[in-house]
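Peer 1: Sharing start_15.cif below, mmCIF, C-alpha atoms:
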```
data_entry
#
loop_
_atom_site.group_PDB
_atom_site.id
_atom_site.type_symbol
_atom_site.label_atom_id
_atom_site.label_comp_id
_atom_site.auth_asym_id
_atom_site.auth_seq_id
_atom_site.Cartn_x
_atom_site.Cartn_y
_atom_site.Cartn_z
ATOM 1 C CA MET A 1 251.941 4.591 85.970
ATOM 2 C CA LEU A 2 248.818 5.475 83.992
ATOM 3 C CA ILE A 3 247.998 3.111 81.121
ATOM 4 C CA GLN A 4 245.225 3.302 78.548
ATOM 5 C CA LEU A 5 243.746 -0.095 77.668
ATOM 6 C CA LEU A 6 244.045 0.835 73.975
ATOM 7 C CA ASP A 7 247.818 0.422 74.307
ATOM 8 C CA ILE A 8 247.868 -3.018 75.942
ATOM 9 C CA ALA A 9 244.729 -4.800 74.723
ATOM 10 C CA HIS A 10 242.503 -5.567 71.788
ATOM 11 C CA ALA A 11 238.713 -5.692 72.099
ATOM 12 C CA ARG A 12 235.706 -6.988 70.170
ATOM 13 C CA SER A 13 232.048 -6.724 71.081
ATOM 14 C CA GLY A 14 228.505 -7.568 70.043
ATOM 15 C CA ASP A 15 224.953 -7.983 71.289
ATOM 16 C CA LYS A 16 222.878 -10.618 73.042
ATOM 17 C CA GLY A 17 219.478 -9.031 73.456
ATOM 18 C CA ASP A 18 219.872 -5.991 75.695
ATOM 19 C CA THR A 19 223.350 -7.108 76.807
ATOM 20 C CA ALA A 20 226.639 -6.003 75.254
ATOM 21 C CA ASN A 21 229.311 -8.701 75.280
ATOM 22 C CA VAL A 22 232.864 -7.310 75.260
ATOM 23 C CA GLY A 23 235.968 -9.452 74.864
ATOM 24 C CA LEU A 24 239.270 -7.914 75.986
ATOM 25 C CA ILE A 25 242.457 -9.622 74.794
ATOM 26 C CA ALA A 26 245.991 -8.804 75.979
ATOM 27 C CA LEU A 27 248.250 -7.659 73.120
ATOM 28 C CA ARG A 28 251.130 -9.529 74.818
ATOM 29 C CA PRO A 29 250.663 -12.655 76.956
ATOM 30 C CA GLU A 30 252.687 -11.119 79.802
ATOM 31 C CA TRP A 31 250.215 -8.247 80.044
ATOM 32 C CA TYR A 32 247.235 -10.541 80.747
ATOM 33 C CA PRO A 33 247.771 -10.576 84.559
ATOM 34 C CA LEU A 34 247.495 -6.774 84.523
ATOM 35 C CA LEU A 35 244.081 -7.031 82.875
ATOM 36 C CA VAL A 36 243.004 -9.579 85.500
ATOM 37 C CA LYS A 37 244.227 -7.396 88.372
ATOM 38 C CA TYR A 38 243.161 -3.934 87.189
ATOM 39 C CA VAL A 39 240.264 -4.332 84.766
ATOM 40 C CA THR A 40 237.946 -5.617 87.479
ATOM 41 C CA ARG A 41 234.202 -6.004 87.268
ATOM 42 C CA ASP A 42 233.783 -2.936 89.497
ATOM 43 C CA ALA A 43 236.235 -0.825 87.472
ATOM 44 C CA VAL A 44 234.393 -1.651 84.245
ATOM 45 C CA ALA A 45 231.015 -0.970 85.885
ATOM 46 C CA ALA A 46 232.316 2.455 86.981
ATOM 47 C CA HIS A 47 233.708 3.172 83.484
ATOM 48 C CA PHE A 48 230.316 2.463 81.882
ATOM 49 C CA SER A 49 228.131 3.805 84.713
ATOM 50 C CA GLU A 50 226.646 6.605 82.576
ATOM 51 C CA VAL A 51 226.052 4.291 79.628
ATOM 52 C CA ILE A 52 224.421 1.109 80.983
ATOM 53 C CA ASP A 53 221.483 0.409 83.307
ATOM 54 C CA GLY A 54 222.324 -3.072 84.526
ATOM 55 C CA PRO A 55 225.125 -4.967 86.261
ATOM 56 C CA VAL A 56 228.456 -6.121 84.821
ATOM 57 C CA GLU A 57 229.734 -9.719 84.825
ATOM 58 C CA ARG A 58 233.335 -10.734 84.179
ATOM 59 C CA PHE A 59 234.748 -14.084 83.051
ATOM 60 C CA GLU A 60 238.412 -15.065 82.720
ATOM 61 C CA LEU A 61 239.895 -17.018 79.804
ATOM 62 C CA PRO A 62 243.542 -17.501 80.801
ATOM 63 C CA ASN A 63 244.044 -19.898 77.871
ATOM 64 C CA LEU A 64 243.301 -17.065 75.422
ATOM 65 C CA LYS A 65 244.794 -14.283 77.603
ATOM 66 C CA ALA A 66 241.379 -12.686 77.496
ATOM 67 C CA LEU A 67 238.549 -11.426 79.681
ATOM 68 C CA ASN A 68 234.898 -11.528 78.693
ATOM 69 C CA PHE A 69 232.504 -8.901 80.037
ATOM 70 C CA LEU A 70 228.727 -8.848 79.943
ATOM 71 C CA LEU A 71 227.268 -5.351 80.233
ATOM 72 C CA HIS A 72 223.590 -5.771 80.994
ATOM 73 C CA GLY A 73 221.039 -3.094 80.081
ATOM 74 C CA ALA A 74 223.426 -1.586 77.542
ATOM 75 C CA LEU A 75 221.417 -1.398 74.328
ATOM 76 C CA ASP A 76 218.104 0.356 75.071
ATOM 77 C CA GLY A 77 216.204 -2.899 74.683
ATOM 78 C CA GLY A 78 218.493 -4.252 71.986
ATOM 79 C CA GLY A 79 217.794 -5.610 68.510
ATOM 80 C CA THR A 80 215.022 -3.966 66.533
ATOM 81 C CA LEU A 81 213.567 -2.246 69.634
ATOM 82 C CA SER A 82 216.646 -0.098 70.136
ATOM 83 C CA LEU A 83 216.838 3.390 68.646
ATOM 84 C CA LYS A 84 220.600 3.510 69.102
ATOM 85 C CA THR A 85 223.053 3.812 66.189
ATOM 86 C CA ASP A 86 224.979 1.012 67.882
ATOM 87 C CA ALA A 87 221.977 -1.224 68.577
ATOM 88 C CA GLN A 88 224.236 -4.268 68.083
ATOM 89 C CA GLY A 89 226.826 -3.111 70.636
ATOM 90 C CA LYS A 90 229.650 -3.423 68.115
ATOM 91 C CA VAL A 91 231.619 -0.457 69.441
ATOM 92 C CA PHE A 92 231.399 -1.066 73.178
ATOM 93 C CA SER A 93 234.763 -2.661 72.377
ATOM 94 C CA THR A 94 236.511 0.613 71.647
ATOM 95 C CA ALA A 95 234.570 2.347 74.424
ATOM 96 C CA LEU A 96 236.245 -0.077 76.854
ATOM 97 C CA LEU A 97 239.653 0.653 75.279
ATOM 98 C CA ARG A 98 239.242 4.296 76.372
ATOM 99 C CA MET A 99 239.583 3.152 79.990
ATOM 100 C CA ARG A 100 242.727 4.137 81.895
ATOM 101 C CA ILE A 101 244.226 2.116 84.725
ATOM 102 C CA GLU A 102 246.801 3.155 87.325
ATOM 103 C CA VAL A 103 249.351 0.334 87.446
ATOM 104 C CA ALA A 104 251.528 0.069 90.582
ATOM 105 C CA ASP A 105 255.292 0.437 89.993
ATOM 106 C CA LYS A 106 255.984 -3.118 91.126
ATOM 107 C CA ASP A 107 253.505 -4.490 88.556
ATOM 108 C CA ALA A 108 254.793 -2.242 85.749
ATOM 109 C CA MET A 109 258.460 -3.152 86.283
ATOM 110 C CA GLY A 110 260.006 -4.951 83.299
ATOM 111 C CA MET A 111 256.705 -5.000 81.421
ATOM 112 C CA ASN A 112 257.627 -2.405 78.738
ATOM 113 C CA LEU A 113 254.269 -0.732 79.192
ATOM 114 C CA PRO A 114 253.379 2.225 76.953
ATOM 115 C CA SER A 115 252.196 5.098 79.166
ATOM 116 C CA ALA A 116 248.876 6.769 78.378
ATOM 117 C CA LYS A 117 249.040 9.775 76.064
ATOM 118 C CA SER A 118 247.815 12.815 77.955
ATOM 119 C CA SER A 119 244.478 14.084 76.684
ATOM 120 C CA MET B 1 229.206 -15.500 74.132
ATOM 121 C CA GLY B 2 228.028 -15.030 77.726
ATOM 122 C CA ASP B 3 229.694 -17.418 80.165
ATOM 123 C CA PRO B 4 232.677 -18.886 78.261
ATOM 124 C CA HIS B 5 232.497 -22.063 80.399
ATOM 125 C CA GLU B 6 229.031 -22.762 79.050
ATOM 126 C CA TYR B 7 228.642 -21.854 75.409
ATOM 127 C CA ILE B 8 225.421 -23.602 74.529
ATOM 128 C CA THR B 9 225.071 -24.863 70.959
ATOM 129 C CA PRO B 10 222.426 -27.237 69.552
ATOM 130 C CA ASP B 11 224.906 -30.140 69.746
ATOM 131 C CA VAL B 12 227.051 -29.599 72.846
ATOM 132 C CA ILE B 13 227.904 -27.193 75.650
ATOM 133 C CA ALA B 14 231.384 -25.980 74.754
ATOM 134 C CA ASP B 15 233.876 -24.781 77.367
ATOM 135 C CA PHE B 16 235.844 -21.985 75.683
ATOM 136 C CA THR B 17 238.313 -21.845 78.569
ATOM 137 C CA THR B 18 239.736 -25.170 77.324
ATOM 138 C CA ILE B 19 240.575 -23.941 73.807
ATOM 139 C CA GLN B 20 244.292 -24.262 73.039
ATOM 140 C CA LEU B 21 245.877 -22.143 70.308
ATOM 141 C CA GLU B 22 249.260 -22.870 68.741
ATOM 142 C CA GLN B 23 251.133 -21.136 65.969
ATOM 143 C CA GLU B 24 251.913 -24.012 63.618
ATOM 144 C CA GLY B 25 253.530 -21.979 60.882
ATOM 145 C CA PRO B 26 253.048 -18.787 58.901
ATOM 146 C CA ASP B 27 249.304 -17.978 58.652
ATOM 147 C CA ARG B 28 248.468 -21.287 60.305
ATOM 148 C CA VAL B 29 247.002 -21.698 63.794
ATOM 149 C CA ARG B 30 246.178 -25.020 65.443
ATOM 150 C CA VAL B 31 243.020 -24.961 67.569
ATOM 151 C CA HIS B 32 242.648 -28.027 69.792
ATOM 152 C CA GLY B 33 241.903 -29.491 73.199
ATOM 153 C CA ILE B 34 238.363 -28.144 73.395
ATOM 154 C CA GLN B 35 236.175 -29.848 75.970
ATOM 155 C CA GLY B 36 232.536 -29.649 76.809
ATOM 156 C CA ARG B 37 229.451 -31.418 78.023
ATOM 157 C CA PRO B 38 226.374 -32.952 76.390
ATOM 158 C CA ALA B 39 223.704 -30.633 75.050
ATOM 159 C CA THR B 40 220.882 -29.454 77.315
ATOM 160 C CA ASP B 41 217.344 -30.868 77.222
ATOM 161 C CA LYS B 42 216.031 -27.604 75.702
ATOM 162 C CA LEU B 43 215.597 -26.238 72.206
ATOM 163 C CA LYS B 44 215.865 -22.543 71.432
ATOM 164 C CA VAL B 45 212.832 -20.953 69.856
ATOM 165 C CA SER B 46 213.151 -17.634 68.059
ATOM 166 C CA ILE B 47 209.838 -15.831 68.420
ATOM 167 C CA ALA B 48 209.014 -12.610 66.547
ATOM 168 C CA TYR B 49 206.269 -10.244 67.681
ATOM 169 C CA ARG B 50 204.880 -6.834 66.765
ATOM 170 C CA ALA B 51 206.212 -4.203 69.170
ATOM 171 C CA GLY B 52 204.998 -0.799 67.981
ATOM 172 C CA TYR B 53 206.524 1.770 65.684
ATOM 173 C CA LYS B 54 209.631 3.862 65.381
ATOM 174 C CA ALA B 55 211.080 6.656 63.275
ATOM 175 C CA VAL B 56 214.499 8.277 63.230
ATOM 176 C CA GLY B 57 215.181 11.739 61.787
ATOM 177 C CA THR B 58 218.565 13.349 61.166
ATOM 178 C CA LEU B 59 219.948 16.822 60.483
ATOM 179 C CA VAL B 60 223.572 17.882 60.026
ATOM 180 C CA TYR B 61 225.019 20.997 61.693
ATOM 181 C CA SER B 62 228.314 22.515 60.522
ATOM 182 C CA TRP B 63 231.159 24.294 62.282
ATOM 183 C CA PRO B 64 231.284 26.572 64.217
ATOM 184 C CA ASP B 65 229.604 25.346 67.403
ATOM 185 C CA ALA B 66 228.148 22.331 65.589
ATOM 186 C CA LEU B 67 227.515 20.354 68.774
ATOM 187 C CA ASP B 68 225.884 23.295 70.577
ATOM 188 C CA LYS B 69 223.602 23.906 67.591
ATOM 189 C CA ALA B 70 222.579 20.261 67.455
ATOM 190 C CA LYS B 71 221.869 20.289 71.209
ATOM 191 C CA LEU B 72 219.725 23.391 70.882
ATOM 192 C CA ALA B 73 217.783 21.808 68.005
ATOM 193 C CA ASP B 74 217.254 18.738 70.214
ATOM 194 C CA SER B 75 215.759 20.810 73.029
ATOM 195 C CA ILE B 76 213.466 22.668 70.592
ATOM 196 C CA LEU B 77 212.282 19.360 69.117
ATOM 197 C CA ARG B 78 211.578 17.876 72.550
ATOM 198 C CA GLN B 79 209.618 20.994 73.526
ATOM 199 C CA ARG B 80 207.594 20.780 70.277
ATOM 200 C CA LEU B 81 206.681 17.136 70.899
ATOM 201 C CA SER B 82 205.662 17.978 74.437
ATOM 202 C CA ASN B 83 203.565 20.961 73.281
ATOM 203 C CA LEU B 84 201.819 18.704 70.782
ATOM 204 C CA GLY B 85 200.971 16.295 73.619
ATOM 205 C CA LEU B 86 202.732 13.387 71.914
ATOM 206 C CA HIS B 87 203.828 10.531 74.149
ATOM 207 C CA PHE B 88 206.379 7.872 73.310
ATOM 208 C CA ASP B 89 207.842 4.842 75.076
ATOM 209 C CA GLN B 90 211.267 6.187 74.254
ATOM 210 C CA ILE B 91 212.937 9.256 72.763
ATOM 211 C CA LEU B 92 216.645 9.009 71.988
ATOM 212 C CA THR B 93 218.985 11.778 70.854
ATOM 213 C CA GLU B 94 222.435 11.038 69.495
ATOM 214 C CA TYR B 95 225.134 13.389 68.201
ATOM 215 C CA VAL B 96 226.863 11.536 65.366
ATOM 216 C CA GLY B 97 230.448 12.733 65.025
ATOM 217 C CA ALA B 98 230.652 13.544 68.737
ATOM 218 C CA SER B 99 229.093 10.931 70.970
ATOM 219 C CA ALA B 100 226.716 8.555 69.140
ATOM 220 C CA THR B 101 228.939 5.546 69.659
ATOM 221 C CA HIS B 102 230.625 6.181 73.015
ATOM 222 C CA GLY B 103 228.147 8.552 74.657
ATOM 223 C CA PRO B 104 229.457 10.599 77.564
ATOM 224 C CA LEU B 105 232.735 8.635 77.515
ATOM 225 C CA ALA B 106 233.587 10.266 74.166
ATOM 226 C CA THR B 107 232.798 13.871 75.041
ATOM 227 C CA ARG B 108 234.616 13.481 78.365
ATOM 228 C CA ASP B 109 237.825 12.582 76.508
ATOM 229 C CA ALA B 110 237.342 15.152 73.733
ATOM 230 C CA GLY B 111 236.898 18.070 76.156
ATOM 231 C CA GLU B 112 235.838 21.334 74.528
ATOM 232 C CA LEU B 113 236.545 20.276 70.934
ATOM 233 C CA ASP B 114 234.828 22.438 68.284
ATOM 234 C CA TYR B 115 233.649 19.658 65.965
ATOM 235 C CA PRO B 116 233.805 20.255 62.167
ATOM 236 C CA GLU B 117 230.239 18.914 61.903
ATOM 237 C CA VAL B 118 227.708 16.993 63.963
ATOM 238 C CA GLN B 119 224.670 15.003 62.878
ATOM 239 C CA LEU B 120 221.669 15.273 65.162
ATOM 240 C CA ARG B 121 220.010 11.856 65.168
ATOM 241 C CA PHE B 122 216.626 11.874 66.883
ATOM 242 C CA GLY B 123 214.511 8.745 67.293
ATOM 243 C CA VAL B 124 211.121 7.992 68.832
ATOM 244 C CA ARG B 125 209.428 4.673 69.582
ATOM 245 C CA GLY B 126 205.899 3.940 70.740
ATOM 246 C CA GLY B 127 202.734 1.922 70.293
ATOM 247 C CA ASN B 128 200.738 4.730 68.656
ATOM 248 C CA ARG B 129 201.455 4.915 64.919
ATOM 249 C CA SER B 130 199.876 8.348 64.431
ATOM 250 C CA ALA B 131 202.055 9.900 67.165
ATOM 251 C CA VAL B 132 205.193 8.523 65.473
ATOM 252 C CA GLU B 133 203.828 9.789 62.111
ATOM 253 C CA ARG B 134 203.265 13.249 63.601
ATOM 254 C CA PHE B 135 206.851 13.349 64.876
ATOM 255 C CA THR B 136 208.185 12.853 61.324
ATOM 256 C CA ARG B 137 206.647 16.211 60.326
ATOM 257 C CA GLU B 138 208.618 18.094 63.015
ATOM 258 C CA ILE B 139 212.090 17.804 61.454
ATOM 259 C CA ALA B 140 211.622 20.112 58.446
ATOM 260 C CA PRO B 141 210.494 23.164 60.486
ATOM 261 C CA LEU B 142 213.825 23.065 62.353
ATOM 262 C CA VAL B 143 215.626 23.770 59.077
ATOM 263 C CA LEU B 144 213.898 27.134 58.694
ATOM 264 C CA ASN B 145 213.259 28.051 62.310
ATOM 265 C CA GLY B 146 216.039 26.345 64.240
ATOM 266 C CA PRO B 147 219.788 26.915 64.694
ATOM 267 C CA PRO B 148 221.533 27.945 61.420
ATOM 268 C CA SER B 149 224.129 26.177 59.234
ATOM 269 C CA VAL B 150 221.967 23.086 59.051
ATOM 270 C CA THR B 151 221.772 20.705 56.109
ATOM 271 C CA GLY B 152 221.306 17.048 55.201
ATOM 272 C CA PHE B 153 217.507 17.085 55.002
ATOM 273 C CA ALA B 154 217.105 16.356 51.277
ATOM 274 C CA GLY B 155 215.889 12.823 51.985
ATOM 275 C CA GLY B 156 212.557 14.204 53.165
ATOM 276 C CA ARG B 157 210.519 13.091 56.158
ATOM 277 C CA PRO B 158 211.767 10.147 58.188
ATOM 278 C CA LYS B 159 209.800 6.998 57.463
ATOM 279 C CA VAL B 160 207.746 5.216 60.086
ATOM 280 C CA GLU B 161 208.765 1.602 60.614
ATOM 281 C CA GLU B 162 206.822 -1.134 62.318
ATOM 282 C CA ILE B 163 209.004 -2.913 64.883
ATOM 283 C CA ILE B 164 209.185 -6.683 64.709
ATOM 284 C CA ALA B 165 210.926 -7.563 67.961
ATOM 285 C CA TYR B 166 212.761 -10.732 68.847
ATOM 286 C CA TRP B 167 211.971 -12.975 71.811
ATOM 287 C CA PRO B 168 214.382 -15.877 72.241
ATOM 288 C CA ALA B 169 212.919 -18.598 74.449
ATOM 289 C CA LEU B 170 213.572 -22.196 75.506
ATOM 290 C CA VAL B 171 211.248 -25.201 75.235
ATOM 291 C CA ASP B 172 211.713 -28.778 76.408
ATOM 292 C CA LYS B 173 212.997 -31.000 73.632
ATOM 293 C CA ASN B 174 210.405 -33.640 74.475
ATOM 294 C CA VAL B 175 207.472 -31.391 73.480
ATOM 295 C CA VAL B 176 208.814 -31.071 69.941
ATOM 296 C CA GLN B 177 208.342 -33.910 67.533
ATOM 297 C CA THR B 178 210.635 -33.838 64.524
ATOM 298 C CA ARG B 179 209.521 -35.175 61.171
ATOM 299 C CA VAL B 180 211.315 -35.044 57.868
ATOM 300 C CA GLU B 181 209.470 -34.969 54.580
ATOM 301 C CA ILE B 182 211.302 -35.169 51.305
ATOM 302 C CA LEU B 183 209.448 -33.406 48.482
#
```
Would you mind writing the file's structure down as structure tokens?
Peer 2:
Amino acid sequence: MLIQLLDIAHARSGDKGDTANVGLIALRPEWYPLLVKYVTRDAVAAHFSEVIDGPVERFELPNLKALNFLLHGALDGGGTLSLKTDAQGKVFSTALLRMRIEVADKDAMGMNLPSAKSS
Amino acid sequence: MGDPHEYITPDVIADFTTIQLEQEGPDRVRVHGIQGRPATDKLKVSIAYRAGYKAVGTLVYSWPDALDKAKLADSILRQRLSNLGLHFDQILTEYVGASATHGPLATRDAGELDYPEVQLRFGVRGGNRSAVERFTREIAPLVLNGPPSVTGFAGGRPKVEEIIAYWPALVDKNVVQTRVEIL
């Protein structure tokens, strides 16, 4: 089943130099394991491959049902050097929520997951 | 935040993976159980330095074909700068209303949408002030000689800004002597 992160998670983001820091928080605690399993470092790196120059790091915060991602080389130098509208990386959050994941039937069972709107 | 296990503050290194949240009542959350380690032996120094100049110019294109018009204006502008022999450390084009915030991720999802309007946002950055200054005079000609149904230029030429960049660094605490004076 195809899921858009928008429907199962909340996200916030900001800058640290040339790195965008994106927090992804499960909207329901029972959905957190799906984020851990499907929103991998490699999947996020692929999602942002046209947008960032550097590697992606992922950290888990099971206590907050959240993942924290560092997207390096995301802000054209960052801070005052950057020419970007989003020099502070504030909307990498919603850019991550665009991501779609294909959840296996056995993982989706009993989870009441909203399926991705077709677009 | 970086690594949530090691959130470095001036006083301690906090481990955010130990934070416990509890709903204690309506509009009341208990935050507790947070652990950490002693602070590091470094102080953070925020250094500012001069890092060249930048200017950003914008024009707004209306429906129909707003995005295509803005893209054509972008290619004309780039050709003009190249013909003038101007060199910059960076040139950035954004299409506000289409892809300024999410880049190619946005236009991929939007498909062939005919946007109601798109703002062309064109920025240059470099060490040579006069080159950046020269760029600011290239926006107005696009209004008369570029793709039609363009507006949003009443603000005049873009202004050249000097860039004061930020360099965060670490120094050993023992090389800094603190002294308090009360005036």
Peer 1: How close does each residue of chain A get to chain B, giving the shortest atom pair and distance in Å to one decimal for every residue with an atom at most 8 Å away, counting all atoms listed in the file, sorted by chain and residue number, as JSON lines?
Peer 2:
```
{"residue": "A:Asn21", "atom": "CA", "partner": "B:Met1", "partner_atom": "CA", "distance": 6.9}
{"residue": "A:Phe48", "atom": "CA", "partner": "B:Leu105", "partner_atom": "CA", "distance": 7.9}
{"residue": "A:Glu50", "atom": "CA", "partner": "B:Pro104", "partner_atom": "CA", "distance": 7.0}
{"residue": "A:Val51", "atom": "CA", "partner": "B:Gly103", "partner_atom": "CA", "distance": 6.9}
{"residue": "A:Phe59", "atom": "CA", "partner": "B:Asp3", "partner_atom": "CA", "distance": 6.7}
{"residue": "A:Glu60", "atom": "CA", "partner": "B:Thr17", "partner_atom": "CA", "distance": 8.0}
{"residue": "A:Leu61", "atom": "CA", "partner": "B:Thr17", "partner_atom": "CA", "distance": 5.2}
{"residue": "A:Pro62", "atom": "CA", "partner": "B:Thr17", "partner_atom": "CA", "distance": 7.2}
{"residue": "A:Asn63", "atom": "CA", "partner": "B:Thr17", "partner_atom": "CA", "distance": 6.1}
{"residue": "A:Leu64", "atom": "CA", "partner": "B:Ile19", "partner_atom": "CA", "distance": 7.6}
{"residue": "A:Asn68", "atom": "CA", "partner": "B:Pro4", "partner_atom": "CA", "distance": 7.7}
{"residue": "A:Phe69", "atom": "CA", "partner": "B:Gly2", "partner_atom": "CA", "distance": 7.9}
{"residue": "A:Leu70", "atom": "CA", "partner": "B:Gly2", "partner_atom": "CA", "distance": 6.6}
{"residue": "A:Gly79", "atom": "CA", "partner": "B:Ala165", "partner_atom": "CA", "distance": 7.2}
{"residue": "A:Thr80", "atom": "CA", "partner": "B:Ala165", "partner_atom": "CA", "distance": 5.6}
{"residue": "A:Leu81", "atom": "CA", "partner": "B:Ala165", "partner_atom": "CA", "distance": 6.2}
{"residue": "A:Leu83", "atom": "CA", "partner": "B:Gly123", "partner_atom": "CA", "distance": 6.0}
{"residue": "A:Lys84", "atom": "CA", "partner": "B:Leu92", "partner_atom": "CA", "distance": 7.4}
{"residue": "A:Thr85", "atom": "CA", "partner": "B:Ala100", "partner_atom": "CA", "distance": 6.7}
{"residue": "A:Asp86", "atom": "CA", "partner": "B:Thr101", "partner_atom": "CA", "distance": 6.3}
{"residue": "A:Val91", "atom": "CA", "partner": "B:Thr101", "partner_atom": "CA", "distance": 6.6}
{"residue": "A:Phe92", "atom": "CA", "partner": "B:His102", "partner_atom": "CA", "distance": 7.3}
{"residue": "A:Ala95", "atom": "CA", "partner": "B:His102", "partner_atom": "CA", "distance": 5.7}
{"residue": "A:Arg98", "atom": "CA", "partner": "B:Leu105", "partner_atom": "CA", "distance": 7.9}
{"residue": "A:Ser119", "atom": "CA", "partner": "B:Asp109", "partner_atom": "CA", "distance": 6.8}
```
Peer 1: Could you write those residues out with C-alpha atoms, as a PDB file, in the frame of the given file?
Peer 2:
```pdb
ATOM      1  CA  ASN A  21     229.311  -8.701  75.280  1.00  0.00           C
ATOM      2  CA  PHE A  48     230.316   2.463  81.882  1.00  0.00           C
ATOM      3  CA  GLU A  50     226.646   6.605  82.576  1.00  0.00           C
ATOM      4  CA  VAL A  51     226.052   4.291  79.628  1.00  0.00           C
ATOM      5  CA  PHE A  59     234.748 -14.084  83.051  1.00  0.00           C
ATOM      6  CA  GLU A  60     238.412 -15.065  82.720  1.00  0.00           C
ATOM      7  CA  LEU A  61     239.895 -17.018  79.804  1.00  0.00           C
ATOM      8  CA  PRO A  62     243.542 -17.501  80.801  1.00  0.00           C
ATOM      9  CA  ASN A  63     244.044 -19.898  77.871  1.00  0.00           C
ATOM     10  CA  LEU A  64     243.301 -17.065  75.422  1.00  0.00           C
ATOM     11  CA  ASN A  68     234.898 -11.528  78.693  1.00  0.00           C
ATOM     12  CA  PHE A  69     232.504  -8.901  80.037  1.00  0.00           C
ATOM     13  CA  LEU A  70     228.727  -8.848  79.943  1.00  0.00           C
ATOM     14  CA  GLY A  79     217.794  -5.610  68.510  1.00  0.00           C
ATOM     15  CA  THR A  80     215.022  -3.966  66.533  1.00  0.00           C
ATOM     16  CA  LEU A  81     213.567  -2.246  69.634  1.00  0.00           C
ATOM     17  CA  LEU A  83     216.838   3.390  68.646  1.00  0.00           C
ATOM     18  CA  LYS A  84     220.600   3.510  69.102  1.00  0.00           C
ATOM     19  CA  THR A  85     223.053   3.812  66.189  1.00  0.00           C
ATOM     20  CA  ASP A  86     224.979   1.012  67.882  1.00  0.00           C
ATOM     21  CA  VAL A  91     231.619  -0.457  69.441  1.00  0.00           C
ATOM     22  CA  PHE A  92     231.399  -1.066  73.178  1.00  0.00           C
ATOM     23  CA  ALA A  95     234.570   2.347  74.424  1.00  0.00           C
ATOM     24  CA  ARG A  98     239.242   4.296  76.372  1.00  0.00           C
ATOM     25  CA  SER A 119     244.478  14.084  76.684  1.00  0.00           C
TER      26      SER A 119
END
```
Peer 1: Report, in Å with one decimal, the straight-line distance from atom CA of B:Ile34 to atom CA of B:Asp15.
Peer 2: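 Between these atoms lies a distance of 6.9 Å.
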Peer 1: Quick check on the file I pasted: which residues fall under the PyMOL selection byres ((chain A and resi 43) around 12)? Write them as a PDB file with C-alpha atoms, in the coordinates of the input.
Peer 2:
```pdb
ATOM      1  CA  LEU A  35     244.081  -7.031  82.875  1.00  0.00           C
ATOM      2  CA  VAL A  36     243.004  -9.579  85.500  1.00  0.00           C
ATOM      3  CA  LYS A  37     244.227  -7.396  88.372  1.00  0.00           C
ATOM      4  CA  TYR A  38     243.161  -3.934  87.189  1.00  0.00           C
ATOM      5  CA  VAL A  39     240.264  -4.332  84.766  1.00  0.00           C
ATOM      6  CA  THR A  40     237.946  -5.617  87.479  1.00  0.00           C
ATOM      7  CA  ARG A  41     234.202  -6.004  87.268  1.00  0.00           C
ATOM      8  CA  ASP A  42     233.783  -2.936  89.497  1.00  0.00           C
ATOM      9  CA  VAL A  44     234.393  -1.651  84.245  1.00  0.00           C
ATOM     10  CA  ALA A  45     231.015  -0.970  85.885  1.00  0.00           C
ATOM     11  CA  ALA A  46     232.316   2.455  86.981  1.00  0.00           C
ATOM     12  CA  HIS A  47     233.708   3.172  83.484  1.00  0.00           C
ATOM     13  CA  PHE A  48     230.316   2.463  81.882  1.00  0.00           C
ATOM     14  CA  SER A  49     228.131   3.805  84.713  1.00  0.00           C
ATOM     15  CA  PRO A  55     225.125  -4.967  86.261  1.00  0.00           C
ATOM     16  CA  VAL A  56     228.456  -6.121  84.821  1.00  0.00           C
ATOM     17  CA  GLU A  57     229.734  -9.719  84.825  1.00  0.00           C
ATOM     18  CA  ARG A  58     233.335 -10.734  84.179  1.00  0.00           C
ATOM     19  CA  PHE A  69     232.504  -8.901  80.037  1.00  0.00           C
ATOM     20  CA  LEU A  96     236.245  -0.077  76.854  1.00  0.00           C
ATOM     21  CA  MET A  99     239.583   3.152  79.990  1.00  0.00           C
ATOM     22  CA  ARG A 100     242.727   4.137  81.895  1.00  0.00           C
ATOM     23  CA  ILE A 101     244.226   2.116  84.725  1.00  0.00           C
ATOM     24  CA  GLU A 102     246.801   3.155  87.325  1.00  0.00           C
TER      25      GLU A 102
END
```
Peer 1: Around (209.3, 15.7, 61.4) in the file's own coordinates, what residues are found within 10 Å if you use only C-alpha atoms, given back as number ranges by chain?
Peer 2: B: 55-58, 77, 81, 122, 132-142, 156-159
Peer 1: Atom CA of B:Arg108 and atom CA of B:Leu59 are how many Å apart?
Peer 2: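 Atom CA of B:Leu59 lies 23.4 Å from atom CA of B:Arg108.
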Peer 1: Excluding B:Pro148 and any residue of its chain fewer than 4 positions from it, enumerate the residues within 9 Å of it, using only C-alpha atoms, and give them as a list in words.
Peer 2: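 Returned residues: Tyr61, Ser62, Lys69, Val143 and Leu144 of chain B.
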Peer 1: So what do you get for atom CA of B:Leu84 versus atom CA of B:Ala131, distance-wise?
Peer 2: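 Separation between atom CA of B:Leu84 and atom CA of B:Ala131: 9.5 Å.
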Peer 1: Carefully work through the PyMOL selection byres ((chain B and resi 97) around 7) for this structure and note down the residues it includes, as a VMD selection string.
Peer 2: chain B and resid 95 to 96 98 to 100 117 to 119
Peer 1: If we count all atoms listed in the file and set the cut-off at 8 Å, which residues sit around A:Val103, ignoring sequence neighbours fewer than 2 positions away in its own chain? Please answer as an NGL selection string.
Peer 2: :A and (1-3 or 34 or 38 or 101 or 105 or 107-108)
